[in-house]
file input_2.pdb (PDB, C-alpha atoms, pLDDT in the B column)
ATOM      1  CA  SER A  24      38.750  37.027-149.861  1.00 74.00           C
ATOM      2  CA  ALA A  25      38.623  33.260-150.348  1.00 85.00           C
ATOM      3  CA  VAL A  26      41.630  31.352-151.649  1.00 92.00           C
ATOM      4  CA  ILE A  27      40.678  29.471-154.788  1.00 96.00           C
ATOM      5  CA  SER A  28      42.697  26.784-156.520  1.00 97.00           C
ATOM      6  CA  GLN A  29      42.114  25.028-159.806  1.00 98.00           C
ATOM      7  CA  LYS A  30      43.490  21.812-161.206  1.00 97.00           C
ATOM      8  CA  PRO A  31      44.970  21.291-163.689  1.00 97.00           C
ATOM      9  CA  SER A  32      46.545  24.675-164.366  1.00 97.00           C
ATOM     10  CA  ARG A  33      46.939  23.741-168.010  1.00 97.00           C
ATOM     11  CA  ASP A  34      46.492  20.754-170.278  1.00 97.00           C
ATOM     12  CA  ILE A  35      46.847  19.754-173.887  1.00 98.00           C
ATOM     13  CA  CYS A  36      44.203  17.284-174.999  1.00 97.00           C
ATOM     14  CA  GLN A  37      43.267  15.379-178.085  1.00 97.00           C
ATOM     15  CA  ARG A  38      40.078  15.979-180.028  1.00 97.00           C
ATOM     16  CA  GLY A  39      37.192  13.815-178.842  1.00 97.00           C
ATOM     17  CA  THR A  40      38.439  13.346-175.277  1.00 97.00           C
ATOM     18  CA  SER A  41      37.116  14.893-172.062  1.00 98.00           C
ATOM     19  CA  LEU A  42      38.795  16.876-169.310  1.00 98.00           C
ATOM     20  CA  THR A  43      37.540  17.506-165.790  1.00 98.00           C
ATOM     21  CA  ILE A  44      38.617  20.730-164.116  1.00 98.00           C
ATOM     22  CA  GLN A  45      38.524  20.995-160.345  1.00 98.00           C
ATOM     23  CA  CYS A  46      37.895  24.123-158.318  1.00 97.00           C
ATOM     24  CA  GLN A  47      38.632  24.123-154.582  1.00 97.00           C
ATOM     25  CA  VAL A  48      37.872  26.958-152.166  1.00 96.00           C
ATOM     26  CA  ASP A  49      39.333  27.351-148.687  1.00 94.00           C
ATOM     27  CA  SER A  50      36.004  28.387-147.171  1.00 92.00           C
ATOM     28  CA  GLN A  51      32.359  27.497-147.633  1.00 92.00           C
ATOM     29  CA  VAL A  52      30.635  29.469-150.362  1.00 90.00           C
ATOM     30  CA  THR A  53      27.099  29.308-151.670  1.00 87.00           C
ATOM     31  CA  MET A  54      27.564  30.561-155.201  1.00 87.00           C
ATOM     32  CA  MET A  55      30.188  29.253-157.585  1.00 92.00           C
ATOM     33  CA  PHE A  56      30.477  30.197-161.237  1.00 94.00           C
ATOM     34  CA  TRP A  57      32.274  28.842-164.263  1.00 97.00           C
ATOM     35  CA  TYR A  58      33.481  31.179-167.006  1.00 96.00           C
ATOM     36  CA  ARG A  59      35.295  30.690-170.282  1.00 97.00           C
ATOM     37  CA  GLN A  60      37.799  33.118-171.754  1.00 96.00           C
ATOM     38  CA  GLN A  61      38.649  32.380-175.356  1.00 94.00           C
ATOM     39  CA  PRO A  62      41.921  33.692-176.769  1.00 88.00           C
ATOM     40  CA  GLY A  63      41.915  37.479-176.910  1.00 85.00           C
ATOM     41  CA  GLN A  64      38.343  37.653-175.612  1.00 89.00           C
ATOM     42  CA  SER A  65      36.593  38.596-172.427  1.00 89.00           C
ATOM     43  CA  LEU A  66      34.913  36.269-169.972  1.00 94.00           C
ATOM     44  CA  THR A  67      31.690  34.461-170.824  1.00 94.00           C
ATOM     45  CA  LEU A  68      29.547  32.836-168.161  1.00 93.00           C
ATOM     46  CA  ILE A  69      29.084  29.103-168.705  1.00 95.00           C
ATOM     47  CA  ALA A  70      26.965  28.209-165.684  1.00 93.00           C
ATOM     48  CA  THR A  71      26.132  28.935-162.081  1.00 91.00           C
ATOM     49  CA  ALA A  72      26.654  26.085-159.618  1.00 91.00           C
ATOM     50  CA  ASN A  73      24.944  26.156-156.248  1.00 85.00           C
ATOM     51  CA  GLN A  74      25.396  23.359-153.777  1.00 81.00           C
ATOM     52  CA  GLY A  75      22.410  21.070-153.573  1.00 79.00           C
ATOM     53  CA  SER A  76      20.881  22.025-156.892  1.00 81.00           C
ATOM     54  CA  GLU A  77      21.502  21.433-160.551  1.00 86.00           C
ATOM     55  CA  ALA A  78      23.775  23.890-162.303  1.00 90.00           C
ATOM     56  CA  THR A  79      22.043  26.458-164.471  1.00 90.00           C
ATOM     57  CA  TYR A  80      23.548  27.029-167.892  1.00 92.00           C
ATOM     58  CA  GLU A  81      23.649  30.156-169.988  1.00 90.00           C
ATOM     59  CA  SER A  82      22.696  30.424-173.621  1.00 88.00           C
ATOM     60  CA  GLY A  83      25.083  28.498-175.817  1.00 91.00           C
ATOM     61  CA  PHE A  84      26.194  26.053-173.134  1.00 94.00           C
ATOM     62  CA  VAL A  85      24.550  22.687-172.465  1.00 94.00           C
ATOM     63  CA  ILE A  86      24.898  20.118-169.723  1.00 95.00           C
ATOM     64  CA  ASP A  87      25.902  17.305-172.068  1.00 96.00           C
ATOM     65  CA  LYS A  88      28.926  19.287-173.219  1.00 97.00           C
ATOM     66  CA  PHE A  89      29.823  20.928-169.884  1.00 97.00           C
ATOM     67  CA  PRO A  90      28.579  18.773-167.002  1.00 96.00           C
ATOM     68  CA  ILE A  91      29.147  20.366-163.618  1.00 96.00           C
ATOM     69  CA  SER A  92      29.207  18.856-160.164  1.00 94.00           C
ATOM     70  CA  ARG A  93      28.896  20.726-156.873  1.00 93.00           C
ATOM     71  CA  PRO A  94      29.082  18.065-154.155  1.00 92.00           C
ATOM     72  CA  ASN A  95      29.729  20.448-151.236  1.00 92.00           C
ATOM     73  CA  LEU A  96      30.245  24.093-150.337  1.00 92.00           C
ATOM     74  CA  THR A  97      33.985  24.140-151.082  1.00 94.00           C
ATOM     75  CA  PHE A  98      34.333  22.188-154.321  1.00 95.00           C
ATOM     76  CA  SER A  99      33.082  22.041-157.897  1.00 96.00           C
ATOM     77  CA  THR A 100      34.104  20.387-161.128  1.00 97.00           C
ATOM     78  CA  LEU A 101      33.533  21.318-164.746  1.00 98.00           C
ATOM     79  CA  THR A 102      33.969  18.696-167.446  1.00 98.00           C
ATOM     80  CA  VAL A 103      34.595  19.655-171.042  1.00 98.00           C
ATOM     81  CA  SER A 104      33.293  16.707-173.046  1.00 98.00           C
ATOM     82  CA  ASN A 105      34.040  15.451-176.528  1.00 97.00           C
ATOM     83  CA  MET A 106      36.477  18.287-177.040  1.00 97.00           C
ATOM     84  CA  SER A 107      37.210  20.059-180.284  1.00 97.00           C
ATOM     85  CA  PRO A 108      39.817  22.746-181.050  1.00 96.00           C
ATOM     86  CA  GLU A 109      37.086  25.367-180.549  1.00 95.00           C
ATOM     87  CA  ASP A 110      37.073  24.441-176.861  1.00 97.00           C
ATOM     88  CA  SER A 111      40.622  25.752-176.480  1.00 96.00           C
ATOM     89  CA  SER A 112      40.185  28.439-173.839  1.00 97.00           C
ATOM     90  CA  ILE A 113      40.945  29.434-170.312  1.00 97.00           C
ATOM     91  CA  TYR A 114      38.335  28.083-167.925  1.00 98.00           C
ATOM     92  CA  LEU A 115      37.859  30.018-164.709  1.00 98.00           C
ATOM     93  CA  CYS A 116      35.880  29.333-161.600  1.00 97.00           C
ATOM     94  CA  SER A 117      34.787  32.135-159.335  1.00 96.00           C
ATOM     95  CA  VAL A 118      33.065  32.418-155.998  1.00 94.00           C
ATOM     96  CA  GLU A 119      30.892  35.081-154.518  1.00 88.00           C
ATOM     97  CA  SER A 120      32.140  36.774-151.416  1.00 80.00           C
ATOM     98  CA  ALA A 121      30.730  35.629-148.088  1.00 70.00           C
ATOM     99  CA  GLY A 122      28.400  38.002-146.337  1.00 69.00           C
ATOM    100  CA  LEU A 123      26.359  40.758-147.945  1.00 66.00           C
ATOM    101  CA  SER A 124      28.786  41.677-150.728  1.00 75.00           C
ATOM    102  CA  ASP A 125      28.277  40.207-154.207  1.00 85.00           C
ATOM    103  CA  GLU A 126      31.898  40.636-155.162  1.00 90.00           C
ATOM    104  CA  GLN A 127      33.336  37.707-157.075  1.00 93.00           C
ATOM    105  CA  PHE A 128      36.850  36.357-156.853  1.00 94.00           C
ATOM    106  CA  PHE A 129      38.483  34.167-159.456  1.00 96.00           C
ATOM    107  CA  GLY A 130      40.643  31.115-159.361  1.00 97.00           C
ATOM    108  CA  PRO A 131      43.895  31.055-161.325  1.00 98.00           C
ATOM    109  CA  GLY A 132      42.265  29.414-164.344  1.00 97.00           C
ATOM    110  CA  THR A 133      42.861  26.293-166.419  1.00 98.00           C
ATOM    111  CA  ARG A 134      44.426  26.826-169.820  1.00 97.00           C
ATOM    112  CA  LEU A 135      43.122  24.161-172.186  1.00 97.00           C
ATOM    113  CA  THR A 136      44.506  23.472-175.634  1.00 97.00           C
ATOM    114  CA  VAL A 137      42.718  20.949-177.839  1.00 97.00           C
ATOM    115  CA  LEU A 138      44.634  19.529-180.788  1.00 96.00           C
TER     116      LEU A 138
ATOM    117  CA  GLN B  20      20.936  40.906-175.100  1.00 70.00           C
ATOM    118  CA  LYS B  21      22.430  42.713-172.110  1.00 78.00           C
ATOM    119  CA  GLU B  22      25.598  44.494-173.175  1.00 90.00           C
ATOM    120  CA  VAL B  23      28.643  45.884-171.431  1.00 94.00           C
ATOM    121  CA  GLU B  24      30.715  48.067-173.716  1.00 95.00           C
ATOM    122  CA  GLN B  25      34.313  49.201-173.375  1.00 95.00           C
ATOM    123  CA  ASN B  26      36.839  50.695-175.762  1.00 89.00           C
ATOM    124  CA  SER B  27      39.362  47.985-176.496  1.00 85.00           C
ATOM    125  CA  GLY B  28      42.284  50.405-176.659  1.00 86.00           C
ATOM    126  CA  PRO B  29      45.140  50.243-176.326  1.00 93.00           C
ATOM    127  CA  LEU B  30      45.066  53.303-174.124  1.00 96.00           C
ATOM    128  CA  SER B  31      48.572  54.669-173.755  1.00 97.00           C
ATOM    129  CA  VAL B  32      49.440  57.130-170.988  1.00 97.00           C
ATOM    130  CA  PRO B  33      52.794  58.362-169.706  1.00 97.00           C
ATOM    131  CA  GLU B  34      53.967  57.419-166.252  1.00 97.00           C
ATOM    132  CA  GLY B  35      52.504  59.720-163.622  1.00 97.00           C
ATOM    133  CA  ALA B  36      49.465  60.693-165.687  1.00 97.00           C
ATOM    134  CA  ILE B  37      45.809  59.910-165.033  1.00 97.00           C
ATOM    135  CA  ALA B  38      44.364  56.971-166.959  1.00 97.00           C
ATOM    136  CA  SER B  39      40.617  57.142-167.604  1.00 97.00           C
ATOM    137  CA  LEU B  40      38.744  53.965-168.497  1.00 97.00           C
ATOM    138  CA  ASN B  41      35.090  53.998-169.481  1.00 97.00           C
ATOM    139  CA  CYS B  42      32.274  51.484-169.602  1.00 97.00           C
ATOM    140  CA  THR B  43      28.603  51.617-170.553  1.00 97.00           C
ATOM    141  CA  TYR B  44      25.968  49.005-169.857  1.00 95.00           C
ATOM    142  CA  SER B  45      22.494  48.293-171.147  1.00 93.00           C
ATOM    143  CA  ASP B  46      20.727  46.599-168.218  1.00 89.00           C
ATOM    144  CA  ARG B  47      18.985  49.342-166.205  1.00 90.00           C
ATOM    145  CA  GLY B  48      18.233  46.823-163.464  1.00 88.00           C
ATOM    146  CA  SER B  49      21.900  46.275-162.599  1.00 90.00           C
ATOM    147  CA  GLN B  50      22.923  47.471-159.166  1.00 90.00           C
ATOM    148  CA  SER B  51      26.509  46.249-158.766  1.00 93.00           C
ATOM    149  CA  PHE B  52      29.505  47.270-160.834  1.00 96.00           C
ATOM    150  CA  PHE B  53      33.078  46.071-160.732  1.00 97.00           C
ATOM    151  CA  TRP B  54      36.467  46.739-162.235  1.00 98.00           C
ATOM    152  CA  TYR B  55      38.913  43.890-162.640  1.00 98.00           C
ATOM    153  CA  ARG B  56      42.539  44.064-163.668  1.00 98.00           C
ATOM    154  CA  GLN B  57      43.937  41.208-165.733  1.00 96.00           C
ATOM    155  CA  TYR B  58      47.606  40.818-166.453  1.00 96.00           C
ATOM    156  CA  SER B  59      48.565  38.720-169.452  1.00 93.00           C
ATOM    157  CA  GLY B  60      48.302  35.034-168.624  1.00 91.00           C
ATOM    158  CA  LYS B  61      46.669  35.674-165.264  1.00 94.00           C
ATOM    159  CA  SER B  62      43.117  35.555-163.972  1.00 96.00           C
ATOM    160  CA  PRO B  63      41.084  38.707-163.287  1.00 96.00           C
ATOM    161  CA  GLU B  64      41.773  40.498-160.009  1.00 96.00           C
ATOM    162  CA  LEU B  65      39.056  42.621-158.414  1.00 96.00           C
ATOM    163  CA  ILE B  66      40.243  46.175-157.842  1.00 96.00           C
ATOM    164  CA  MET B  67      37.048  48.181-157.315  1.00 96.00           C
ATOM    165  CA  SER B  68      33.370  47.681-156.670  1.00 95.00           C
ATOM    166  CA  ILE B  69      30.748  50.415-156.729  1.00 96.00           C
ATOM    167  CA  TYR B  70      27.047  50.332-155.985  1.00 94.00           C
ATOM    168  CA  SER B  71      25.886  53.963-155.602  1.00 94.00           C
ATOM    169  CA  ASN B  72      25.977  56.950-157.904  1.00 96.00           C
ATOM    170  CA  GLY B  73      29.020  59.139-157.468  1.00 96.00           C
ATOM    171  CA  ASP B  74      32.672  58.503-156.785  1.00 97.00           C
ATOM    172  CA  LYS B  75      34.411  55.852-154.738  1.00 97.00           C
ATOM    173  CA  GLU B  76      38.109  56.213-154.035  1.00 97.00           C
ATOM    174  CA  ASP B  77      40.606  53.532-153.006  1.00 96.00           C
ATOM    175  CA  GLY B  78      44.229  54.615-153.083  1.00 97.00           C
ATOM    176  CA  ARG B  79      45.144  55.654-156.630  1.00 97.00           C
ATOM    177  CA  PHE B  80      41.877  54.264-158.013  1.00 98.00           C
ATOM    178  CA  THR B  81      38.569  56.108-158.280  1.00 98.00           C
ATOM    179  CA  ALA B  82      35.432  54.467-159.624  1.00 98.00           C
ATOM    180  CA  GLN B  83      32.598  56.660-160.849  1.00 98.00           C
ATOM    181  CA  LEU B  84      29.007  55.536-161.396  1.00 97.00           C
ATOM    182  CA  ASN B  85      26.114  57.277-163.113  1.00 97.00           C
ATOM    183  CA  LYS B  86      23.114  54.963-163.267  1.00 95.00           C
ATOM    184  CA  ALA B  87      20.953  57.462-165.156  1.00 95.00           C
ATOM    185  CA  SER B  88      23.506  57.504-167.969  1.00 95.00           C
ATOM    186  CA  GLN B  89      24.330  53.814-167.493  1.00 96.00           C
ATOM    187  CA  TYR B  90      27.973  54.697-167.284  1.00 96.00           C
ATOM    188  CA  VAL B  91      30.789  53.583-165.016  1.00 98.00           C
ATOM    189  CA  SER B  92      34.403  54.676-165.177  1.00 97.00           C
ATOM    190  CA  LEU B  93      37.733  54.018-163.514  1.00 98.00           C
ATOM    191  CA  LEU B  94      40.399  56.640-162.970  1.00 98.00           C
ATOM    192  CA  ILE B  95      43.948  55.632-162.146  1.00 98.00           C
ATOM    193  CA  ARG B  96      46.021  58.482-160.744  1.00 98.00           C
ATOM    194  CA  ASP B  97      49.809  58.619-160.891  1.00 98.00           C
ATOM    195  CA  SER B  98      49.836  55.736-163.369  1.00 97.00           C
ATOM    196  CA  GLN B  99      52.765  53.342-163.079  1.00 97.00           C
ATOM    197  CA  PRO B 100      54.192  50.920-165.644  1.00 97.00           C
ATOM    198  CA  SER B 101      52.979  48.135-163.331  1.00 97.00           C
ATOM    199  CA  ASP B 102      49.414  49.310-164.060  1.00 97.00           C
ATOM    200  CA  SER B 103      49.823  48.120-167.657  1.00 97.00           C
ATOM    201  CA  ALA B 104      47.155  45.449-168.008  1.00 97.00           C
ATOM    202  CA  THR B 105      43.692  44.834-169.397  1.00 96.00           C
ATOM    203  CA  TYR B 106      40.909  46.384-167.320  1.00 97.00           C
ATOM    204  CA  LEU B 107      37.593  44.583-167.390  1.00 97.00           C
ATOM    205  CA  CYS B 108      34.313  46.244-166.514  1.00 97.00           C
ATOM    206  CA  ALA B 109      31.777  43.815-165.047  1.00 96.00           C
ATOM    207  CA  VAL B 110      28.119  44.364-164.273  1.00 95.00           C
ATOM    208  CA  ASN B 111      26.091  42.084-162.028  1.00 90.00           C
ATOM    209  CA  THR B 112      23.266  41.060-164.323  1.00 85.00           C
ATOM    210  CA  LEU B 113      20.204  38.865-164.057  1.00 80.00           C
ATOM    211  CA  PHE B 114      21.025  36.373-166.804  1.00 72.00           C
ATOM    212  CA  ASN B 115      17.844  34.370-166.377  1.00 68.00           C
ATOM    213  CA  SER B 116      15.367  33.588-163.642  1.00 59.00           C
ATOM    214  CA  ASN B 117      16.922  30.182-162.983  1.00 64.00           C
ATOM    215  CA  SER B 118      20.547  31.217-162.576  1.00 62.00           C
ATOM    216  CA  GLY B 119      20.073  34.520-160.810  1.00 74.00           C
ATOM    217  CA  TYR B 120      22.735  37.186-160.953  1.00 79.00           C
ATOM    218  CA  ALA B 121      26.201  36.734-162.382  1.00 84.00           C
ATOM    219  CA  LEU B 122      28.864  38.952-163.879  1.00 89.00           C
ATOM    220  CA  ASN B 123      28.514  40.211-167.421  1.00 92.00           C
ATOM    221  CA  PHE B 124      31.909  41.381-168.653  1.00 95.00           C
ATOM    222  CA  GLY B 125      32.940  43.944-171.189  1.00 95.00           C
ATOM    223  CA  LYS B 126      35.680  43.054-173.644  1.00 94.00           C
ATOM    224  CA  GLY B 127      38.242  45.000-171.640  1.00 95.00           C
ATOM    225  CA  THR B 128      40.478  47.991-172.264  1.00 96.00           C
ATOM    226  CA  SER B 129      44.184  47.442-172.675  1.00 96.00           C
ATOM    227  CA  LEU B 130      46.190  50.058-170.767  1.00 97.00           C
ATOM    228  CA  LEU B 131      49.843  50.753-171.453  1.00 97.00           C
ATOM    229  CA  VAL B 132      51.744  53.051-169.113  1.00 97.00           C
ATOM    230  CA  THR B 133      54.985  54.196-170.677  1.00 96.00           C
ATOM    231  CA  PRO B 134      58.007  55.185-168.556  1.00 93.00           C
TER     232      PRO B 134
END

call {"tool": "encode", "arguments": {"input": "input_2.pdb", "output": "structure tokens"}}
result
Amino acid sequence: SAVISQKPSRDICQRGTSLTIQCQVDSQVTMMFWYRQQPGQSLTLIATANQGSEATYESGFVIDKFPISRPNLTFSTLTVSNMSPEDSSIYLCSVESAGLSDEQFFGPGTRLTVL
Amino acid sequence: QKEVEQNSGPLSVPEGAIASLNCTYSDRGSQSFFWYRQYSGKSPELIMSIYSNGDKEDGRFTAQLNKASQYVSLLIRDSQPSDSATYLCAVNTLFNSNSGYALNFGKGTSLLVTP
């Protein structure tokens, strides 16, 4: 499986600021995904990011709040904008396995706390 | 709303016993099913994928799928204290026509294996 890294691993931010989370993969992948895991909850899909096209967002998530970039096949960023304490979560990127399998593998996550 | 349902637990089993984790899903069109293990403070780790009805075995893990009943399960034989974690059931679901398929997660079952 691909090796996925995320930066930062954790951050504490002030209300009203923005944070950009980076996701780097050691191989080229077509499909990248961003998920959120709120405290004590399961994972919720934020958006799907394919290289060369605009990210597609799921219900409850909008581009103005969570802009995503996907400049190439190994990298993506998610920005959490104008943060509030409700944005305190773990943010995870995942990639779909190369080849025919649709297995997904996750990065280590970014733990965000908004004060 | 496409649902993936799991008992939250905690499920407590003694060391050496079989742990049985269950999951039901609502989207009849789903074709891919996954079990992830998540230790506290860590990201989800893929442990099993299953695509066809029946059983699939990998070491101490057996995944079972019944598409007619919309049911998928995970059996862990000879449970070890190191198996204590949250187990997430994930179903590859068509979220919308723009984003394509992505993982829809259940809330997870907490497993505790006692020595």

call {"tool": "interface_residues", "arguments": {"input": "input_2.pdb", "of": "chain A", "to": "chain B", "cutoff": "7 Å", "atoms": "all atoms listed in the file", "output": "list in words"}}
result
Gln64, Ser65, Leu66, Thr71, Thr79, Phe128, Phe129, Gly130, Pro131 and Gly132 of chain A

call {"tool": "resolve_selection", "arguments": {"input": "input_2.pdb", "expression": "the PyMOL selection byres ((chain A and resi 36) around 9)", "output": "count of residues only"}}
result
13

call {"tool": "closest_residue", "arguments": {"input": "input_2.pdb", "among": "B:Gln50, B:Ser129, B:Ser27, B:Ser92", "to": "B:Ser71", "atoms": "all atoms listed in the file"}}
result
B:Gln50

call {"tool": "resolve_selection", "arguments": {"input": "input_2.pdb", "expression": "the PyMOL selection byres ((chain A and resi 47) around 7)", "output": "NGL selection string"}}
result
:A and (27-29 or 45-46 or 48-49 or 97-99)

call {"tool": "resolve_selection", "arguments": {"input": "input_2.pdb", "expression": "the PyMOL selection byres ((chain B and resi 38) around 7)", "output": "PyMOL selection string"}}
result
chain B and resi 32+36-37+39-40+94-96+98

call {"tool": "closest_residue", "arguments": {"input": "input_2.pdb", "among": "B:Arg47, B:Pro33, B:Asn26, B:Phe80", "to": "B:Val132", "atoms": "all atoms listed in the file"}}
result
B:Pro33

call {"tool": "closest_residue", "arguments": {"input": "input_2.pdb", "among": "A:Ser24, A:Ser112, A:Thr100, A:Asn105", "to": "A:Val52", "atoms": "only C-alpha atoms"}}
result
A:Ser24

call {"tool": "closest_residue", "arguments": {"input": "input_2.pdb", "among": "A:Asp125, A:Ser32, A:Leu101, A:Ser117", "to": "A:Ile44", "atoms": "only C-alpha atoms"}}
result
A:Leu101

call {"tool": "residues_around", "arguments": {"input": "input_2.pdb", "residues": "A:Phe89", "least_positions_apart": "3", "cutoff": "8 Å", "atoms": "all atoms listed in the file", "output": "JSON list (two decimals) with C-alpha atoms, in the frame of the given file"}}
result
[["chain", "number", "residue", "atom", "x", "y", "z"],
["A", 84, "PHE", "CA", 26.19, 26.05, -173.13],
["A", 85, "VAL", "CA", 24.55, 22.69, -172.46],
["A", 86, "ILE", "CA", 24.90, 20.12, -169.72],
["A", 101, "LEU", "CA", 33.53, 21.32, -164.75],
["A", 102, "THR", "CA", 33.97, 18.70, -167.45],
["A", 103, "VAL", "CA", 34.60, 19.66, -171.04],
["A", 104, "SER", "CA", 33.29, 16.71, -173.05]]

call {"tool": "atom_distance", "arguments": {"input": "input_2.pdb", "atom1": "atom CA of A:Arg59", "atom2": "atom CA of A:Ser120"}}
result
20.1 Å

call {"tool": "atom_distance", "arguments": {"input": "input_2.pdb", "atom1": "atom CA of A:Gln61", "atom2": "atom CA of A:Gly75"}}
result
29.4 Å

call {"tool": "atom_distance", "arguments": {"input": "input_2.pdb", "atom1": "atom CA of B:Gln83", "atom2": "atom CA of B:Thr112"}}
result
18.5 Å

call {"tool": "residues_around", "arguments": {"input": "input_2.pdb", "residues": "B:Leu30", "least_positions_apart": "3", "cutoff": "8 Å", "atoms": "all atoms listed in the file", "output": "ChimeraX atom specification"}}
result
/B:128-131

call {"tool": "write_last_selection", "arguments": {"input": "input_2.pdb", "atoms": "C-alpha atoms", "output": "mmCIF file, keeping the file's coordinate frame"}}
result
data_model
loop_
_atom_site.group_PDB
_atom_site.id
_atom_site.type_symbol
_atom_site.label_atom_id
_atom_site.label_comp_id
_atom_site.auth_asym_id
_atom_site.auth_seq_id
_atom_site.Cartn_x
_atom_site.Cartn_y
_atom_site.Cartn_z
ATOM 1 C CA THR B 128 40.478 47.991 -172.264
ATOM 2 C CA SER B 129 44.184 47.442 -172.675
ATOM 3 C CA LEU B 130 46.190 50.058 -170.767
ATOM 4 C CA LEU B 131 49.843 50.753 -171.453
#

call {"tool": "residues_around", "arguments": {"input": "input_2.pdb", "residues": "B:Ser45", "least_positions_apart": "2", "cutoff": "9 Å", "atoms": "all atoms listed in the file", "output": "PyMOL selection string"}}
result
chain B and resi 20-24+43+47-49+89

call {"tool": "residues_around", "arguments": {"input": "input_2.pdb", "residues": "A:Ile69", "least_positions_apart": "4", "cutoff": "8 Å", "atoms": "only C-alpha atoms", "output": "ChimeraX atom specification"}}
result
/A:56-59,80-81,84

call {"tool": "closest_residue", "arguments": {"input": "input_2.pdb", "among": "A:Gly83, A:Met54, A:Pro31, A:Pro94", "to": "A:Glu126", "atoms": "all atoms listed in the file"}}
result
A:Met54

call {"tool": "build_atoms", "arguments": {"input": "input_2.pdb", "residues": "stretch 76-95 of chain A", "atoms": "N, CA and C atoms", "output": "PDB file, in the coordinates of the input"}}
result
ATOM      1  N   SER A  76      21.802  21.875-155.767  1.00 81.00           N
ATOM      2  CA  SER A  76      20.881  22.025-156.892  1.00 81.00           C
ATOM      3  C   SER A  76      21.633  21.834-158.196  1.00 81.00           C
ATOM      4  N   GLU A  77      20.889  21.596-159.236  1.00 86.00           N
ATOM      5  CA  GLU A  77      21.502  21.433-160.551  1.00 86.00           C
ATOM      6  C   GLU A  77      22.090  22.758-161.023  1.00 86.00           C
ATOM      7  N   ALA A  78      23.183  22.681-161.735  1.00 90.00           N
ATOM      8  CA  ALA A  78      23.775  23.890-162.303  1.00 90.00           C
ATOM      9  C   ALA A  78      22.832  24.481-163.348  1.00 90.00           C
ATOM     10  N   THR A  79      22.844  25.789-163.451  1.00 90.00           N
ATOM     11  CA  THR A  79      22.043  26.458-164.471  1.00 90.00           C
ATOM     12  C   THR A  79      22.973  27.021-165.527  1.00 90.00           C
ATOM     13  N   TYR A  80      22.669  26.727-166.768  1.00 92.00           N
ATOM     14  CA  TYR A  80      23.548  27.029-167.892  1.00 92.00           C
ATOM     15  C   TYR A  80      23.052  28.236-168.668  1.00 92.00           C
ATOM     16  N   GLU A  81      23.984  28.991-169.182  1.00 90.00           N
ATOM     17  CA  GLU A  81      23.649  30.156-169.988  1.00 90.00           C
ATOM     18  C   GLU A  81      23.498  29.758-171.452  1.00 90.00           C
ATOM     19  N   SER A  82      22.939  30.682-172.204  1.00 88.00           N
ATOM     20  CA  SER A  82      22.696  30.424-173.621  1.00 88.00           C
ATOM     21  C   SER A  82      23.988  30.035-174.317  1.00 88.00           C
ATOM     22  N   GLY A  83      23.919  28.962-175.081  1.00 91.00           N
ATOM     23  CA  GLY A  83      25.083  28.498-175.817  1.00 91.00           C
ATOM     24  C   GLY A  83      25.866  27.399-175.124  1.00 91.00           C
ATOM     25  N   PHE A  84      25.502  27.093-173.905  1.00 94.00           N
ATOM     26  CA  PHE A  84      26.194  26.053-173.134  1.00 94.00           C
ATOM     27  C   PHE A  84      25.168  25.027-172.661  1.00 94.00           C
ATOM     28  N   VAL A  85      25.488  23.746-172.826  1.00 94.00           N
ATOM     29  CA  VAL A  85      24.550  22.687-172.465  1.00 94.00           C
ATOM     30  C   VAL A  85      25.226  21.683-171.535  1.00 94.00           C
ATOM     31  N   ILE A  86      24.390  21.017-170.746  1.00 95.00           N
ATOM     32  CA  ILE A  86      24.898  20.118-169.723  1.00 95.00           C
ATOM     33  C   ILE A  86      25.651  18.937-170.314  1.00 95.00           C
ATOM     34  N   ASP A  87      25.226  18.455-171.463  1.00 96.00           N
ATOM     35  CA  ASP A  87      25.902  17.305-172.068  1.00 96.00           C
ATOM     36  C   ASP A  87      27.336  17.628-172.448  1.00 96.00           C
ATOM     37  N   LYS A  88      27.586  18.856-172.807  1.00 97.00           N
ATOM     38  CA  LYS A  88      28.926  19.287-173.219  1.00 97.00           C
ATOM     39  C   LYS A  88      29.763  19.726-172.011  1.00 97.00           C
ATOM     40  N   PHE A  89      29.116  20.365-171.045  1.00 97.00           N
ATOM     41  CA  PHE A  89      29.823  20.928-169.884  1.00 97.00           C
ATOM     42  C   PHE A  89      29.161  20.472-168.580  1.00 97.00           C
ATOM     43  N   PRO A  90      29.175  19.193-168.276  1.00 96.00           N
ATOM     44  CA  PRO A  90      28.579  18.773-167.002  1.00 96.00           C
ATOM     45  C   PRO A  90      29.342  19.329-165.817  1.00 96.00           C
ATOM     46  N   ILE A  91      28.590  19.730-164.817  1.00 96.00           N
ATOM     47  CA  ILE A  91      29.147  20.366-163.618  1.00 96.00           C
ATOM     48  C   ILE A  91      28.683  19.598-162.395  1.00 96.00           C
ATOM     49  N   SER A  92      29.588  19.401-161.461  1.00 94.00           N
ATOM     50  CA  SER A  92      29.207  18.856-160.164  1.00 94.00           C
ATOM     51  C   SER A  92      29.492  19.877-159.078  1.00 94.00           C
ATOM     52  N   ARG A  93      28.696  19.825-158.022  1.00 93.00           N
ATOM     53  CA  ARG A  93      28.896  20.726-156.873  1.00 93.00           C
ATOM     54  C   ARG A  93      28.538  19.906-155.631  1.00 93.00           C
ATOM     55  N   PRO A  94      29.421  19.003-155.229  1.00 92.00           N
ATOM     56  CA  PRO A  94      29.082  18.065-154.155  1.00 92.00           C
ATOM     57  C   PRO A  94      29.044  18.690-152.763  1.00 92.00           C
ATOM     58  N   ASN A  95      29.736  19.804-152.553  1.00 92.00           N
ATOM     59  CA  ASN A  95      29.729  20.448-151.236  1.00 92.00           C
ATOM     60  C   ASN A  95      30.014  21.935-151.404  1.00 92.00           C
TER      61      ASN A  95
END
